Structure formats: structure tokens, C-alpha cells
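As stored in entry_24.cif (mmCIF, C-alpha atoms):
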```cif
data_target
#
loop_
_atom_site.group_PDB
_atom_site.id
_atom_site.type_symbol
_atom_site.label_atom_id
_atom_site.label_comp_id
_atom_site.auth_asym_id
_atom_site.auth_seq_id
_atom_site.Cartn_x
_atom_site.Cartn_y
_atom_site.Cartn_z
ATOM 1 C CA MET A 11 -10.617 160.461 9.859
ATOM 2 C CA LYS A 12 -7.741 158.508 8.275
ATOM 3 C CA GLU A 13 -9.018 159.298 4.777
ATOM 4 C CA ASN A 14 -8.985 162.996 5.566
ATOM 5 C CA ARG A 15 -5.379 162.774 6.765
ATOM 6 C CA ARG A 16 -4.328 160.767 3.729
ATOM 7 C CA GLY A 17 -6.007 163.200 1.385
ATOM 8 C CA PHE A 18 -4.372 166.132 3.121
ATOM 9 C CA ILE A 19 -0.946 164.499 2.933
ATOM 10 C CA LYS A 20 -1.398 163.701 -0.772
ATOM 11 C CA LYS A 21 -2.416 167.264 -1.550
ATOM 12 C CA THR A 22 0.444 168.676 0.505
ATOM 13 C CA LEU A 23 3.036 166.444 -1.145
ATOM 14 C CA THR A 24 1.710 167.286 -4.596
ATOM 15 C CA ALA A 25 1.817 171.010 -3.877
ATOM 16 C CA SER A 26 5.317 170.821 -2.412
ATOM 17 C CA ALA A 27 6.528 168.855 -5.447
ATOM 18 C CA LEU A 28 5.144 171.537 -7.754
ATOM 19 C CA VAL A 29 6.815 174.283 -5.734
ATOM 20 C CA ALA A 30 10.129 172.395 -5.782
ATOM 21 C CA ALA A 31 9.904 171.930 -9.541
ATOM 22 C CA GLY A 32 9.165 175.624 -10.011
ATOM 23 C CA SER A 33 12.102 176.563 -7.825
ATOM 24 C CA THR A 34 14.408 174.310 -9.817
ATOM 25 C CA VAL A 35 13.332 175.933 -13.068
ATOM 26 C CA ALA A 36 13.821 179.403 -11.594
ATOM 27 C CA ILE A 37 17.302 178.555 -10.341
ATOM 28 C CA ALA A 38 18.287 177.025 -13.676
ATOM 29 C CA SER A 39 17.175 180.117 -15.562
ATOM 30 C CA THR A 40 19.189 182.433 -13.310
ATOM 31 C CA LYS A 41 22.297 180.293 -13.716
ATOM 32 C CA SER A 42 22.124 180.532 -17.502
ATOM 33 C CA GLU A 43 21.836 184.325 -17.232
ATOM 34 C CA ASN A 44 24.926 184.479 -15.013
ATOM 35 C CA ASN A 45 26.974 182.584 -17.575
ATOM 36 C CA ALA A 46 26.372 185.384 -20.086
ATOM 37 C CA SER A 47 28.476 187.777 -18.009
ATOM 38 C CA SER A 48 31.629 185.701 -17.998
ATOM 39 C CA ASN A 49 33.761 188.091 -15.915
ATOM 40 C CA GLY A 50 36.053 189.062 -18.769
ATOM 41 C CA VAL A 51 36.590 185.590 -20.175
ATOM 42 C CA VAL A 52 36.210 185.428 -23.940
ATOM 43 C CA VAL A 53 33.089 183.502 -24.902
ATOM 44 C CA GLY A 54 31.910 182.700 -28.397
ATOM 45 C CA LYS A 55 33.204 181.437 -31.704
ATOM 46 C CA SER A 56 34.707 184.596 -33.166
ATOM 47 C CA PRO A 57 38.393 185.250 -32.493
ATOM 48 C CA LYS A 58 38.740 187.983 -29.916
ATOM 49 C CA LYS A 59 41.771 189.625 -28.425
ATOM 50 C CA GLU A 60 42.023 188.927 -24.723
ATOM 51 C CA ILE A 61 43.945 191.574 -22.797
ATOM 52 C CA LEU A 62 45.589 190.003 -19.779
ATOM 53 C CA TYR A 63 48.115 192.699 -18.892
ATOM 54 C CA LYS A 64 48.339 196.455 -19.161
ATOM 55 C CA GLN A 65 51.518 198.142 -18.060
ATOM 56 C CA THR A 66 50.664 200.344 -15.095
ATOM 57 C CA ALA A 67 52.564 201.764 -12.172
ATOM 58 C CA GLN A 68 51.016 199.159 -9.863
ATOM 59 C CA TRP A 69 52.183 196.271 -12.077
ATOM 60 C CA ASP A 70 55.677 197.791 -12.325
ATOM 61 C CA ALA A 71 55.862 197.998 -8.525
ATOM 62 C CA PHE A 72 54.658 194.406 -8.250
ATOM 63 C CA TYR A 73 57.220 193.089 -10.705
ATOM 64 C CA LYS A 74 60.058 195.055 -9.099
ATOM 65 C CA ALA A 75 59.096 193.659 -5.682
ATOM 66 C CA SER A 76 58.896 190.085 -6.967
ATOM 67 C CA TYR A 77 62.442 190.026 -8.415
#
```
Since I need it in another form, could you write the structure as C-alpha cells?
Amino acid sequence: MKENRRGFIKKTLTASALVAAGSTVAIASTKSENNASSNGVVVGKSPKKEILYKQTAQWDAFYKASY
């Protein structure tokens, strides 16, 4: 009876370790995909122009209110 329990526990722990490892790999791959869309931040080696400000009516109202 004890051997059956031990065998079951070994198999269960092995299976859960494999599932955890698979989950870790899946999470790591999704994180690397999210880094590709950098939310407007310039990424890469080539020089790129980063536009931080465009003059709009909303910005003008904001600046007038802040002075």
C-alpha cells in the first residue's frame, strides 16, 4: 500500500514539475512578444526621431492653465 502511494506521489510531482516548466516557458515567450510593442518608445540601433509633443488645442489649454 505504501509503495502505491509513493509511486503515485512521485508521478504526480513529476507531472506537476513538467507543467510548471511548460508554463514558465509560455510566460517567458509572451513577455518577449510584449517587449516588441514598446508603447511608442524608440527601440533599436538606428537613429529615429521621437515625437514627444505636437501643438494642439488641448496642449495650449493645458499650458495656459499651468501658468
For range 15-32 of chain A, I'd like the enclosing box, axis-aligned and padded by 8 Å on every side, reported as lines of an AutoDock Vina configuration file with centre and edge lengths in Å to one decimal.
```
center_x = 2.1
center_y = 168.2
center_z = -1.6
size_x = 32.1
size_y = 30.9
size_z = 32.8
```
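Interatomic distance, CA of Phe18 in chain A against CA of Gly32 in chain A: 21.1 Å.
CA of Lys20 in chain A lies 21.1 Å from CA of Thr34 in chain A.
In this structure, CA of Thr22 in chain A sits 22.3 Å away from CA of Ile37 in chain A.
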